[in-house]
$ cat final_14.csv   # CSV, C-alpha atoms
chain,number,residue,atom,x,y,z
A,16,MET,CA,91.6,-93.0,180.6
A,17,ARG,CA,89.9,-93.3,177.2
A,18,PHE,CA,86.8,-91.3,176.5
A,19,ARG,CA,84.4,-91.9,173.6
A,20,PHE,CA,83.6,-88.3,173.1
A,21,CYS,CA,87.4,-87.6,172.5
A,22,GLY,CA,87.5,-90.4,169.9
A,23,ASP,CA,88.7,-93.1,172.3
A,24,LEU,CA,91.7,-91.0,173.3
A,25,ASP,CA,92.7,-89.3,176.5
A,26,CYS,CA,90.9,-86.1,177.3
A,27,PRO,CA,93.0,-83.0,176.6
A,28,ASP,CA,94.5,-81.4,179.6
A,29,TRP,CA,93.0,-78.0,179.0
A,30,VAL,CA,89.5,-79.5,178.9
A,31,LEU,CA,90.1,-81.2,182.3
A,32,ALA,CA,91.3,-77.9,183.7
A,33,GLU,CA,88.2,-76.0,182.5
A,34,ILE,CA,85.7,-78.5,183.9
A,35,SER,CA,86.1,-76.8,187.3
A,36,THR,CA,85.3,-73.4,185.7
A,37,LEU,CA,82.1,-74.9,184.2
A,38,ALA,CA,81.1,-76.2,187.7
A,39,LYS,CA,81.2,-72.6,189.0
A,40,ILE,CA,78.3,-71.5,186.7
A,41,SER,CA,74.8,-72.6,187.8
A,42,SER,CA,73.3,-75.5,185.8
A,43,VAL,CA,70.4,-73.4,184.4
A,44,LYS,CA,72.8,-70.7,183.1
A,45,LEU,CA,75.1,-73.4,181.7
A,46,LYS,CA,72.2,-74.8,179.6
A,47,LEU,CA,71.5,-71.3,178.2
A,48,ILE,CA,75.2,-70.8,177.4
A,49,CYS,CA,75.2,-74.2,175.7
A,50,ALA,CA,72.3,-73.0,173.5
A,51,GLN,CA,74.4,-70.0,172.4
A,52,VAL,CA,77.5,-72.1,171.7
A,53,LEU,CA,75.3,-74.5,169.6
A,54,ARG,CA,74.1,-71.5,167.6
A,55,ASP,CA,77.7,-70.6,166.9
A,56,LEU,CA,78.6,-74.1,165.9
A,57,LEU,CA,75.6,-74.2,163.5
A,58,GLY,CA,76.9,-71.1,161.8
A,59,GLU,CA,74.5,-68.5,163.3
A,60,PRO,CA,76.0,-65.4,164.9
A,61,ILE,CA,76.7,-65.8,168.6
A,62,GLU,CA,75.4,-63.3,171.1
A,63,TYR,CA,78.4,-62.6,173.2
A,64,ASP,CA,76.8,-60.1,175.5
A,65,LYS,CA,74.1,-62.6,176.5
A,66,ILE,CA,76.9,-65.0,177.5
A,67,LEU,CA,78.7,-62.2,179.5
A,68,LYS,CA,75.5,-61.5,181.4
A,69,LEU,CA,74.9,-65.1,182.2
A,70,THR,CA,78.5,-65.6,183.5
A,71,SER,CA,78.5,-62.3,185.4
A,72,ASP,CA,77.0,-64.0,188.5
A,73,ALA,CA,79.7,-66.5,188.7
A,74,LYS,CA,82.2,-63.6,188.6
A,75,LEU,CA,84.3,-65.1,185.8
A,76,GLU,CA,87.1,-63.0,184.2
A,77,SER,CA,87.0,-62.4,180.5
A,78,GLY,CA,89.7,-65.1,179.9
A,79,ASP,CA,87.5,-67.6,181.8
A,80,VAL,CA,84.4,-66.7,179.7
A,81,LYS,CA,86.3,-67.4,176.5
A,82,ALA,CA,87.7,-70.6,178.0
A,83,THR,CA,84.1,-71.7,178.9
A,84,ILE,CA,82.9,-71.1,175.3
A,85,ALA,CA,85.9,-72.9,173.9
A,86,VAL,CA,85.5,-76.0,176.1
A,87,LEU,CA,81.7,-76.2,175.5
A,88,GLY,CA,82.4,-75.9,171.8
A,89,PHE,CA,85.0,-78.7,171.9
A,90,ILE,CA,82.7,-81.0,174.0
A,91,LEU,CA,79.7,-80.5,171.7
A,92,SER,CA,81.4,-80.7,168.4
A,93,SER,CA,83.6,-83.6,169.4
A,94,ALA,CA,80.6,-85.6,170.7
A,95,ALA,CA,78.8,-85.0,167.4
A,96,LYS,CA,81.9,-85.9,165.4
A,97,HIS,CA,82.2,-89.3,167.1
A,98,ASN,CA,78.4,-89.9,167.2
A,99,VAL,CA,78.2,-90.2,170.9
A,100,ASP,CA,74.7,-90.5,172.4
A,101,SER,CA,73.7,-88.2,175.2
A,102,GLU,CA,73.7,-90.7,178.0
A,103,SER,CA,77.3,-91.8,177.4
A,104,LEU,CA,78.3,-88.2,177.1
A,105,SER,CA,76.6,-87.4,180.4
A,106,SER,CA,78.3,-90.3,182.2
A,107,GLU,CA,81.7,-89.4,180.7
A,108,LEU,CA,81.4,-85.8,181.7
A,109,GLN,CA,80.5,-86.8,185.2
A,110,GLN,CA,83.6,-89.0,185.3
A,111,LEU,CA,85.6,-85.9,184.4
A,112,GLY,CA,84.2,-84.2,187.5
A,113,LEU,CA,81.3,-82.2,186.1
A,114,PRO,CA,78.3,-82.2,188.6
A,115,LYS,CA,75.3,-84.3,187.6
A,116,GLU,CA,72.8,-81.4,187.0
A,117,HIS,CA,75.3,-79.6,184.8
A,118,ALA,CA,76.1,-82.7,182.8
A,119,SER,CA,72.4,-83.6,182.3
A,120,GLY,CA,71.6,-80.0,181.3
A,121,LEU,CA,74.4,-80.0,178.8
A,122,CYS,CA,73.4,-83.4,177.3
A,123,ARG,CA,69.8,-82.4,176.9
A,124,SER,CA,70.9,-79.3,174.8
A,125,TYR,CA,73.2,-81.6,172.9
A,126,GLU,CA,70.5,-84.2,172.2
A,127,GLU,CA,68.1,-81.6,170.8
A,128,LYS,CA,70.6,-80.3,168.3
A,129,GLN,CA,72.7,-83.5,167.6
A,130,SER,CA,71.3,-84.1,164.0
A,131,PRO,CA,71.5,-80.5,162.8
A,132,LEU,CA,75.0,-80.3,164.2
A,133,GLN,CA,76.1,-83.5,162.4
A,134,ASP,CA,74.5,-82.2,159.2
A,135,ARG,CA,76.4,-79.0,159.5
A,136,LEU,CA,79.7,-80.8,160.2
A,137,ARG,CA,79.1,-83.0,157.2
A,138,ALA,CA,78.6,-79.9,155.0
A,139,CYS,CA,81.8,-78.3,156.3
A,140,SER,CA,83.9,-81.4,155.5
A,141,LEU,CA,86.7,-81.1,153.0
A,142,ARG,CA,85.6,-80.6,149.5
A,143,LEU,CA,87.9,-79.5,146.8
A,144,SER,CA,85.4,-77.8,144.5
A,145,GLN,CA,81.7,-77.8,144.1
A,146,LEU,CA,79.4,-77.6,141.1
A,147,GLY,CA,77.1,-74.6,141.4
A,148,SER,CA,75.0,-74.7,138.3
A,149,VAL,CA,74.9,-75.8,134.7
A,150,ARG,CA,73.6,-73.8,131.8
A,151,TRP,CA,73.2,-75.1,128.3
A,152,ARG,CA,72.3,-74.0,124.8
A,153,VAL,CA,71.8,-76.0,121.6
A,154,ASP,CA,72.9,-74.3,118.3
A,155,TYR,CA,72.6,-75.4,114.7
A,156,THR,CA,75.7,-74.6,112.6
A,157,LEU,CA,74.6,-73.6,109.1
A,158,SER,CA,78.0,-73.0,107.5
A,159,SER,CA,81.6,-72.0,108.3
A,160,SER,CA,84.7,-70.7,106.7
A,161,GLU,CA,85.9,-74.3,106.1
A,162,LEU,CA,82.8,-75.8,104.6
A,163,GLN,CA,79.8,-74.1,103.0
A,164,GLU,CA,77.1,-76.4,104.2
A,165,VAL,CA,77.7,-77.8,107.7
A,166,ASN,CA,74.2,-78.3,109.1
A,167,GLU,CA,75.2,-79.8,112.5
A,168,PRO,CA,73.8,-79.3,115.9
A,169,VAL,CA,76.2,-78.2,118.7
A,170,VAL,CA,75.7,-78.0,122.5
A,171,HIS,CA,77.2,-75.3,124.6
A,172,LEU,CA,77.6,-76.1,128.3
A,173,THR,CA,78.7,-73.8,131.1
A,174,PHE,CA,79.6,-75.3,134.4
A,175,ASN,CA,79.7,-72.8,137.3
A,176,MET,CA,82.2,-74.1,139.8
A,177,ARG,CA,82.4,-72.7,143.3
A,178,ASP,CA,85.8,-72.6,145.0
A,179,ARG,CA,85.5,-73.3,148.7
A,180,GLU,CA,88.2,-70.8,149.8
A,181,CYS,CA,87.4,-67.6,147.9
A,182,GLU,CA,83.7,-68.1,147.6
A,183,LYS,CA,84.1,-67.2,143.9
A,184,MET,CA,82.3,-68.8,141.0
A,185,THR,CA,84.4,-69.7,138.0
A,186,ALA,CA,82.7,-70.5,134.7
A,187,VAL,CA,84.0,-73.4,132.6
A,188,PRO,CA,82.5,-73.3,129.1
A,189,VAL,CA,82.5,-76.4,126.9
A,190,THR,CA,81.2,-76.9,123.4
A,191,LEU,CA,80.3,-80.4,122.2
A,192,SER,CA,79.1,-82.0,118.9
A,193,ALA,CA,76.1,-84.2,119.1
A,194,ASN,CA,78.0,-87.5,119.2
A,195,LYS,CA,80.4,-86.4,121.9
A,196,PHE,CA,77.4,-85.2,123.9
A,197,TRP,CA,75.7,-88.6,123.6
A,198,VAL,CA,78.9,-90.3,124.9
A,199,LEU,CA,79.1,-87.9,127.8
A,200,LEU,CA,75.5,-88.4,128.7
A,201,ALA,CA,75.7,-92.2,128.5
A,202,GLU,CA,78.8,-92.2,130.8
A,203,LEU,CA,77.2,-89.9,133.3
A,204,LYS,CA,74.0,-92.0,133.4
A,205,GLN,CA,76.1,-95.1,134.2
A,206,ALA,CA,77.8,-93.2,137.0
A,207,GLN,CA,74.4,-92.1,138.3
A,208,ALA,CA,73.1,-95.7,138.3
A,209,LEU,CA,76.2,-96.7,140.3
A,210,MET,CA,75.6,-93.9,142.8
A,211,ASN,CA,71.9,-95.0,143.2
A,212,THR,CA,73.0,-98.5,144.1
A,213,LEU,CA,74.9,-97.1,147.1
A,214,LEU,CA,72.2,-94.7,148.4
B,15,MET,CA,131.7,-52.9,171.8
B,16,LEU,CA,131.5,-49.3,170.7
B,17,LEU,CA,129.0,-47.9,168.2
B,18,VAL,CA,130.5,-45.9,165.4
B,19,LEU,CA,128.2,-43.0,164.4
B,20,SER,CA,128.5,-41.8,160.9
B,21,VAL,CA,128.9,-38.1,160.1
B,22,GLU,CA,125.4,-37.8,158.8
B,23,HIS,CA,124.0,-39.5,161.9
B,24,ARG,CA,125.9,-37.1,164.1
B,25,ALA,CA,124.5,-34.2,162.2
B,26,HIS,CA,121.0,-35.5,162.6
B,27,LEU,CA,121.5,-36.0,166.3
B,28,GLY,CA,123.0,-32.5,166.6
B,29,CYS,CA,119.6,-31.0,166.8
B,30,LEU,CA,119.0,-32.5,170.2
B,31,PRO,CA,121.1,-30.1,172.4
B,32,ARG,CA,119.4,-27.1,170.7
B,33,ALA,CA,116.0,-28.5,171.4
B,34,GLY,CA,116.4,-28.6,175.2
B,35,GLY,CA,115.6,-31.1,177.9
B,36,ALA,CA,111.8,-31.5,177.6
B,37,ALA,CA,112.1,-31.7,173.9
B,38,VAL,CA,114.4,-34.6,174.1
B,39,GLY,CA,111.8,-36.5,176.1
B,40,GLU,CA,109.2,-35.7,173.4
B,41,LEU,CA,111.6,-36.8,170.6
B,42,GLY,CA,112.4,-40.0,172.5
B,43,ARG,CA,108.6,-40.7,172.7
B,44,LEU,CA,108.2,-40.1,169.0
B,45,ALA,CA,111.1,-42.4,168.2
B,46,LEU,CA,109.6,-45.2,170.2
B,47,GLU,CA,106.2,-44.7,168.6
B,48,GLN,CA,107.9,-44.9,165.2
B,49,LEU,CA,109.5,-48.2,166.2
B,50,ARG,CA,106.2,-49.6,167.4
B,51,ARG,CA,103.9,-48.4,164.7
B,52,GLY,CA,105.9,-46.9,161.8
B,53,ALA,CA,106.5,-43.3,160.8
B,54,ALA,CA,103.9,-40.7,161.9
B,55,PRO,CA,104.5,-37.5,160.0
B,56,ARG,CA,101.6,-35.7,161.6
B,57,ALA,CA,103.0,-36.3,165.1
B,58,CYS,CA,106.4,-34.9,164.0
B,59,GLU,CA,104.7,-31.8,162.5
B,60,SER,CA,102.8,-31.1,165.8
B,61,ALA,CA,106.0,-31.6,167.8
B,62,ALA,CA,107.8,-29.2,165.4
B,63,ARG,CA,105.2,-26.6,165.9
B,64,LYS,CA,105.3,-27.0,169.7
B,65,LEU,CA,109.1,-26.7,169.9
B,66,ASN,CA,109.3,-24.1,167.2
B,67,ILE,CA,111.9,-26.0,165.1
B,68,SER,CA,111.5,-26.9,161.4
B,69,VAL,CA,109.8,-30.2,160.6
B,70,ASP,CA,112.8,-31.6,158.7
B,71,ILE,CA,115.1,-31.2,161.7
B,72,ILE,CA,112.6,-32.9,164.0
B,73,GLN,CA,112.2,-35.7,161.4
B,74,HIS,CA,116.0,-36.2,161.2
B,75,GLY,CA,116.3,-36.1,164.9
B,76,VAL,CA,113.7,-38.7,165.5
B,77,GLU,CA,115.2,-40.9,162.8
B,78,GLY,CA,118.6,-40.5,164.3
B,79,LEU,CA,117.3,-41.5,167.7
B,80,VAL,CA,115.5,-44.5,166.2
B,81,TYR,CA,118.8,-45.7,164.5
B,82,LEU,CA,120.8,-45.1,167.7
B,83,LEU,CA,118.3,-47.1,169.8
B,84,THR,CA,118.0,-50.0,167.4
B,85,GLU,CA,121.7,-50.4,166.8
B,86,SER,CA,122.4,-50.3,170.6
B,87,SER,CA,119.6,-52.8,171.4
B,88,LYS,CA,120.6,-55.0,168.5
B,89,LEU,CA,124.2,-55.3,169.7
B,90,MET,CA,123.0,-55.3,173.4
B,91,ILE,CA,125.8,-53.0,174.3
B,92,SER,CA,126.5,-52.3,178.0
B,93,GLU,CA,125.9,-48.9,179.7
B,94,ALA,CA,129.6,-48.0,179.7
B,95,ASP,CA,129.9,-48.7,176.0
B,96,PHE,CA,126.7,-46.7,175.2
B,97,GLN,CA,128.0,-43.7,177.2
B,98,ASP,CA,131.4,-43.8,175.5
B,99,SER,CA,129.7,-44.1,172.1
B,100,ILE,CA,127.6,-41.0,172.6
B,101,ASN,CA,130.4,-39.0,174.2
B,102,VAL,CA,131.8,-38.4,170.7
B,103,LEU,CA,128.7,-36.3,170.0
B,104,GLY,CA,129.8,-33.8,172.7
B,105,PHE,CA,126.5,-33.4,174.4
B,106,SER,CA,125.9,-32.2,177.9
B,107,ASP,CA,126.0,-34.7,180.8
B,108,GLU,CA,122.3,-34.3,181.4
B,109,LEU,CA,121.5,-35.1,177.8
B,110,ASN,CA,123.8,-38.1,177.9
B,111,LYS,CA,122.1,-39.4,181.0
B,112,SER,CA,118.6,-39.0,179.6
B,113,LEU,CA,119.7,-40.8,176.4
B,114,LEU,CA,121.1,-43.6,178.5
B,115,GLN,CA,117.9,-43.8,180.5
B,116,LEU,CA,115.9,-44.0,177.3
B,117,TYR,CA,118.1,-46.8,176.0
B,118,LEU,CA,117.9,-48.9,179.2
B,119,ASP,CA,114.2,-48.5,179.7
B,120,ASN,CA,113.2,-49.6,176.3
B,121,ARG,CA,116.0,-52.0,175.4
B,122,LYS,CA,113.9,-55.1,176.0
B,123,GLU,CA,110.9,-53.9,174.0
B,124,ILE,CA,113.0,-52.9,171.1
B,125,ARG,CA,114.7,-56.3,171.0
B,126,SER,CA,111.3,-58.1,171.0
B,127,ILE,CA,110.2,-55.9,168.0
B,128,LEU,CA,113.5,-56.6,166.2
B,129,GLY,CA,113.0,-60.3,166.8
B,130,GLU,CA,109.8,-60.3,164.8
B,131,LEU,CA,111.5,-58.9,161.7
B,132,ALA,CA,113.4,-62.1,160.9
B,133,PRO,CA,112.2,-63.9,157.7
B,134,ARG,CA,109.9,-66.8,158.4
B,135,LEU,CA,109.2,-70.0,156.5
B,136,PRO,CA,105.6,-71.0,156.0
B,137,SER,CA,104.2,-72.4,159.2
B,138,TYR,CA,101.5,-74.8,160.0
B,139,HIS,CA,98.0,-73.5,160.6
B,140,SER,CA,95.6,-76.4,160.2
B,141,LEU,CA,94.9,-79.7,158.4
B,142,GLU,CA,91.6,-80.9,156.9
B,143,TRP,CA,91.3,-84.5,155.8
B,144,ARG,CA,88.9,-86.8,154.2
B,145,LEU,CA,88.9,-90.6,153.7
B,146,ASP,CA,87.4,-91.8,150.4
B,147,VAL,CA,87.0,-95.1,148.6
B,148,GLN,CA,86.9,-95.2,144.9
B,149,LEU,CA,84.4,-97.8,143.8
B,150,ALA,CA,84.3,-97.4,140.0
B,151,SER,CA,85.7,-95.3,137.2
B,152,ARG,CA,84.9,-94.9,133.6
B,153,SER,CA,87.5,-97.5,132.7
B,154,LEU,CA,87.0,-100.0,135.5
B,155,ARG,CA,84.0,-101.0,137.6
B,156,GLN,CA,83.9,-103.0,140.9
B,157,GLN,CA,87.1,-101.5,142.4
B,158,ILE,CA,88.0,-100.8,146.0
B,159,LYS,CA,90.7,-98.1,146.2
B,160,PRO,CA,90.9,-96.1,149.5
B,161,ALA,CA,92.5,-92.7,149.4
B,162,VAL,CA,93.1,-89.9,152.0
B,163,THR,CA,92.7,-86.4,150.7
B,164,MET,CA,94.3,-83.6,152.8
B,165,LYS,CA,94.3,-79.9,152.7
B,166,LEU,CA,97.2,-78.3,154.5
B,167,HIS,CA,96.6,-74.7,155.5
B,168,LEU,CA,99.9,-72.7,156.0
B,169,ASN,CA,100.6,-69.2,157.2
B,170,GLU,CA,103.2,-67.4,155.2
B,171,ASN,CA,103.8,-63.7,156.2
B,172,GLU,CA,100.2,-63.2,157.2
B,173,ASP,CA,98.9,-64.8,154.0
B,174,GLN,CA,97.1,-68.1,154.1
B,175,ILE,CA,98.0,-70.7,151.5
B,176,ALA,CA,96.4,-74.1,151.1
B,177,GLN,CA,98.0,-77.2,149.6
B,178,VAL,CA,95.9,-80.2,148.6
B,179,LEU,CA,97.6,-83.6,148.9
B,180,GLN,CA,96.3,-87.1,148.3
B,181,THR,CA,97.8,-90.4,149.4
B,182,ASP,CA,96.9,-94.0,149.8
B,183,PRO,CA,96.8,-95.5,153.3
B,184,ALA,CA,100.1,-97.3,153.0
B,185,THR,CA,102.0,-94.1,152.2
B,186,LEU,CA,100.2,-92.3,155.0
B,187,LEU,CA,101.3,-95.0,157.5
B,188,HIS,CA,104.8,-94.6,156.3
B,189,LEU,CA,104.6,-90.8,156.6
B,190,ILE,CA,103.3,-91.2,160.2
B,191,GLN,CA,106.1,-93.6,161.0
B,192,GLN,CA,108.8,-91.2,159.7
B,193,LEU,CA,107.3,-88.3,161.6
B,194,GLU,CA,107.2,-90.3,164.8
B,195,GLN,CA,110.9,-91.3,164.3
B,196,ALA,CA,111.7,-87.6,163.9
B,197,LEU,CA,109.9,-86.8,167.2
B,198,GLY,CA,111.7,-89.8,168.8
B,199,GLU,CA,115.1,-88.2,167.9
B,200,MET,CA,114.4,-85.5,170.6
B,201,LYS,CA,114.7,-88.2,173.2
B,202,MET,CA,118.1,-89.5,172.1
B,203,ASN,CA,121.1,-88.6,174.2
B,204,HIS,CA,122.6,-86.3,171.6
B,205,CYS,CA,119.6,-84.0,171.4
B,206,ARG,CA,119.1,-84.2,175.2
B,207,ARG,CA,122.7,-83.0,175.8
B,208,ILE,CA,122.3,-80.0,173.4
B,209,VAL,CA,119.0,-79.0,174.9
B,210,ARG,CA,120.4,-79.2,178.4
B,211,ASN,CA,123.3,-77.0,177.4
B,212,MET,CA,121.1,-74.4,175.8
B,213,LYS,CA,119.1,-73.9,178.9

$ encode --input "final_14.csv" --output "structure tokens"
Amino acid sequence: MRFRFCGDLDCPDWVLAEISTLAKISSVKLKLICAQVLRDLLGEPIEYDKILKLTSDAKLESGDVKATIAVLGFILSSAAKHNVDSESLSSELQQLGLPKEHASGLCRSYEEKQSPLQDRLRACSLRLSQLGSVRWRVDYTLSSSELQEVNEPVVHLTFNMRDRECEKMTAVPVTLSANKFWVLLAELKQAQALMNTLL
Amino acid sequence: MLLVLSVEHRAHLGCLPRAGGAAVGELGRLALEQLRRGAAPRACESAARKLNISVDIIQHGVEGLVYLLTESSKLMISEADFQDSINVLGFSDELNKSLLQLYLDNRKEIRSILGELAPRLPSYHSLEWRLDVQLASRSLRQQIKPAVTMKLHLNENEDQIAQVLQTDPATLLHLIQQLEQALGEMKMNHCRRIVRNMK
């Protein structure tokens, strides 16, 4: 059976297996647990003891609690990834065997946070490097060891690059003469015009 | 298969009969802790103080026991062979029996620890990917060139290394086809026969 929230593929076996665990928790508590899982997916710290308190009534073991968090995380992030609207998600979850109140509670939490979740996933997408900031300085060279009267302006640029992995900033310094700088500026303006036609 | 114990090894183990029965249990425990977590000089010092023997002799005794246990577990020697091998040391029957018990009780655990010491090639951790389309470059406008950029995360000896790869869709399809062919080999008769015989 193909499910849209799984990207038009079969639902993974472990998700099917954990649906019955989700049904053990009451639908109100499930909605609160969803809110916590959404906080984790959005990059905020997750409050694990709150989740433990909410699941204590259903008498779940620690392995089941972790499985619940994992399966909710999968459903919510996968639905955001494939841009599934909340009604389709609700009907697909009911097809998998999740009771109606649980599915509608889950989908209501999903609908509230769908856009922030998709923005966050877009920000986490693969990027090789990122420009942090640019600093510049214009100098005027008066004279040098080669020529007594130089009288030329010179631009110093420093590009601060952020590497995704190590969270380090590396500085790339570049020095350009006036003509080269004009060429660079003209080319970058052309690229910017092209980007604006796409926006 | 008999273990051949070197002269130095026998000298190290020679401290055991002098230490007495309870001490042998203590030294055995220290040897197992050393196998699980590495050398613990403070534990040896406290044992030396308790048993009233010098620290060096305790250290040698523990190391001798560690070597004896790892060699026996590595070769998976039978009880009879183990008993014959330690008979050369000329210990009392009671000591021989406690050493044999130590070996048999912990053989499986030692083997699992030894199994993890084998060298490992970098193994797969995760894959991030991105699909881009190049629309224009400095040299040529109005292009359409799709490309898939991938970041392969590998685990190598507890380090994480990342490899960035880029390919066009045709090569990617070829890559997928080759990998599926490789998986398909498992279903051929030749592989099936070997797998059946290994079980």

$ interface_residues --input "final_14.csv" --of "chain A" --to "chain B" --cutoff "12 Å" --atoms "all atoms listed in the file" --output "PyMOL selection string"
chain A and resi 137+139-144+179-181+198-199+201-210+212-213

$ atom_distance --input "final_14.csv" --atom1 "CA of Ala45 in chain B" --atom2 "CA of Gln73 in chain B"
9.6 Å

$ residues_around --input "final_14.csv" --residues "Arg43 in chain B" --least-positions-apart "6" --cutoff "12 Å" --atoms "all atoms listed in the file" --output "mmCIF file with C-alpha atoms, in the frame of the given file"
data_model
loop_
_atom_site.group_PDB
_atom_site.id
_atom_site.type_symbol
_atom_site.label_atom_id
_atom_site.label_comp_id
_atom_site.auth_asym_id
_atom_site.auth_seq_id
_atom_site.Cartn_x
_atom_site.Cartn_y
_atom_site.Cartn_z
ATOM 1 C CA ALA B 36 111.800 -31.500 177.600
ATOM 2 C CA ALA B 37 112.100 -31.700 173.900
ATOM 3 C CA LEU B 49 109.500 -48.200 166.200
ATOM 4 C CA ARG B 50 106.200 -49.600 167.400
ATOM 5 C CA ALA B 54 103.900 -40.700 161.900
ATOM 6 C CA ALA B 57 103.000 -36.300 165.100
ATOM 7 C CA CYS B 58 106.400 -34.900 164.000
ATOM 8 C CA ALA B 61 106.000 -31.600 167.800
ATOM 9 C CA GLY B 75 116.300 -36.100 164.900
ATOM 10 C CA VAL B 76 113.700 -38.700 165.500
ATOM 11 C CA GLU B 77 115.200 -40.900 162.800
ATOM 12 C CA LEU B 79 117.300 -41.500 167.700
ATOM 13 C CA VAL B 80 115.500 -44.500 166.200
ATOM 14 C CA LEU B 83 118.300 -47.100 169.800
ATOM 15 C CA LEU B 113 119.700 -40.800 176.400
ATOM 16 C CA LEU B 116 115.900 -44.000 177.300
ATOM 17 C CA TYR B 117 118.100 -46.800 176.000
ATOM 18 C CA ASP B 119 114.200 -48.500 179.700
ATOM 19 C CA ASN B 120 113.200 -49.600 176.300
#

$ closest_residue --input "final_14.csv" --among "A:Leu108, A:Leu75, A:Asp23, A:Gly120" --to "Val43 in chain A" --atoms "all atoms listed in the file"
A:Gly120

$ atom_distance --input "final_14.csv" --atom1 "CA of Arg152 in chain A" --atom2 "CA of Glu167 in chain A"
13.9 Å

$ atom_distance --input "final_14.csv" --atom1 "CA of Tyr63 in chain A" --atom2 "CA of Lys96 in chain A"
24.8 Å

$ closest_residue --input "final_14.csv" --among "A:Arg177, A:Lys44, A:Arg54, A:Lys39" --to "Lys74 in chain A" --atoms "all atoms listed in the file"
A:Lys39

$ residues_around --input "final_14.csv" --residues "Thr70 in chain A" --least-positions-apart "3" --cutoff "12 Å" --atoms "all atoms listed in the file" --output "mmCIF file with C-alpha atoms, in the coordinates of the input"
data_model
loop_
_atom_site.group_PDB
_atom_site.id
_atom_site.type_symbol
_atom_site.label_atom_id
_atom_site.label_comp_id
_atom_site.auth_asym_id
_atom_site.auth_seq_id
_atom_site.Cartn_x
_atom_site.Cartn_y
_atom_site.Cartn_z
ATOM 1 C CA THR A 36 85.300 -73.400 185.700
ATOM 2 C CA LEU A 37 82.100 -74.900 184.200
ATOM 3 C CA ALA A 38 81.100 -76.200 187.700
ATOM 4 C CA LYS A 39 81.200 -72.600 189.000
ATOM 5 C CA ILE A 40 78.300 -71.500 186.700
ATOM 6 C CA SER A 41 74.800 -72.600 187.800
ATOM 7 C CA SER A 42 73.300 -75.500 185.800
ATOM 8 C CA VAL A 43 70.400 -73.400 184.400
ATOM 9 C CA LYS A 44 72.800 -70.700 183.100
ATOM 10 C CA LEU A 45 75.100 -73.400 181.700
ATOM 11 C CA LYS A 46 72.200 -74.800 179.600
ATOM 12 C CA LEU A 47 71.500 -71.300 178.200
ATOM 13 C CA ILE A 48 75.200 -70.800 177.400
ATOM 14 C CA TYR A 63 78.400 -62.600 173.200
ATOM 15 C CA ASP A 64 76.800 -60.100 175.500
ATOM 16 C CA LYS A 65 74.100 -62.600 176.500
ATOM 17 C CA ILE A 66 76.900 -65.000 177.500
ATOM 18 C CA LEU A 67 78.700 -62.200 179.500
ATOM 19 C CA ALA A 73 79.700 -66.500 188.700
ATOM 20 C CA LYS A 74 82.200 -63.600 188.600
ATOM 21 C CA LEU A 75 84.300 -65.100 185.800
ATOM 22 C CA GLU A 76 87.100 -63.000 184.200
ATOM 23 C CA SER A 77 87.000 -62.400 180.500
ATOM 24 C CA GLY A 78 89.700 -65.100 179.900
ATOM 25 C CA ASP A 79 87.500 -67.600 181.800
ATOM 26 C CA VAL A 80 84.400 -66.700 179.700
ATOM 27 C CA LYS A 81 86.300 -67.400 176.500
ATOM 28 C CA ALA A 82 87.700 -70.600 178.000
ATOM 29 C CA THR A 83 84.100 -71.700 178.900
ATOM 30 C CA ILE A 84 82.900 -71.100 175.300
#

$ residues_around --input "final_14.csv" --residues "range 18-23 of chain B" --least-positions-apart "2" --cutoff "8 Å" --atoms "only C-alpha atoms" --output "MDAnalysis selection string"
chainID B and resid 16 25:27 78 99

$ decode --input "final_14.csv" --residues "range 153-158 of chain A" --atoms "N, CA, C and O atoms" --output "PDB file, in the first residue's frame"
ATOM      1  N   VAL A 153      39.198  50.191   1.435  1.00  0.00           N
ATOM      2  CA  VAL A 153      39.804  50.743   0.217  1.00  0.00           C
ATOM      3  C   VAL A 153      41.080  51.466   0.613  1.00  0.00           C
ATOM      4  O   VAL A 153      41.072  52.316   1.494  1.00  0.00           O
ATOM      5  N   ASP A 154      42.183  51.113  -0.027  1.00  0.00           N
ATOM      6  CA  ASP A 154      43.468  51.767   0.246  1.00  0.00           C
ATOM      7  C   ASP A 154      43.930  52.517  -1.001  1.00  0.00           C
ATOM      8  O   ASP A 154      43.446  52.262  -2.088  1.00  0.00           O
ATOM      9  N   TYR A 155      44.868  53.399  -0.808  1.00  0.00           N
ATOM     10  CA  TYR A 155      45.459  54.125  -1.944  1.00  0.00           C
ATOM     11  C   TYR A 155      46.966  53.920  -1.846  1.00  0.00           C
ATOM     12  O   TYR A 155      47.605  54.383  -0.910  1.00  0.00           O
ATOM     13  N   THR A 156      47.518  53.192  -2.827  1.00  0.00           N
ATOM     14  CA  THR A 156      48.951  52.905  -2.781  1.00  0.00           C
ATOM     15  C   THR A 156      49.716  54.112  -3.305  1.00  0.00           C
ATOM     16  O   THR A 156      49.490  54.563  -4.434  1.00  0.00           O
ATOM     17  N   LEU A 157      50.607  54.667  -2.461  1.00  0.00           N
ATOM     18  CA  LEU A 157      51.368  55.855  -2.889  1.00  0.00           C
ATOM     19  C   LEU A 157      52.607  55.443  -3.675  1.00  0.00           C
ATOM     20  O   LEU A 157      52.886  55.963  -4.741  1.00  0.00           O
ATOM     21  N   SER A 158      53.352  54.482  -3.111  1.00  0.00           N
ATOM     22  CA  SER A 158      54.611  54.139  -3.776  1.00  0.00           C
ATOM     23  C   SER A 158      55.002  52.753  -3.318  1.00  0.00           C
ATOM     24  O   SER A 158      54.499  52.254  -2.316  1.00  0.00           O
TER      25      SER A 158
END
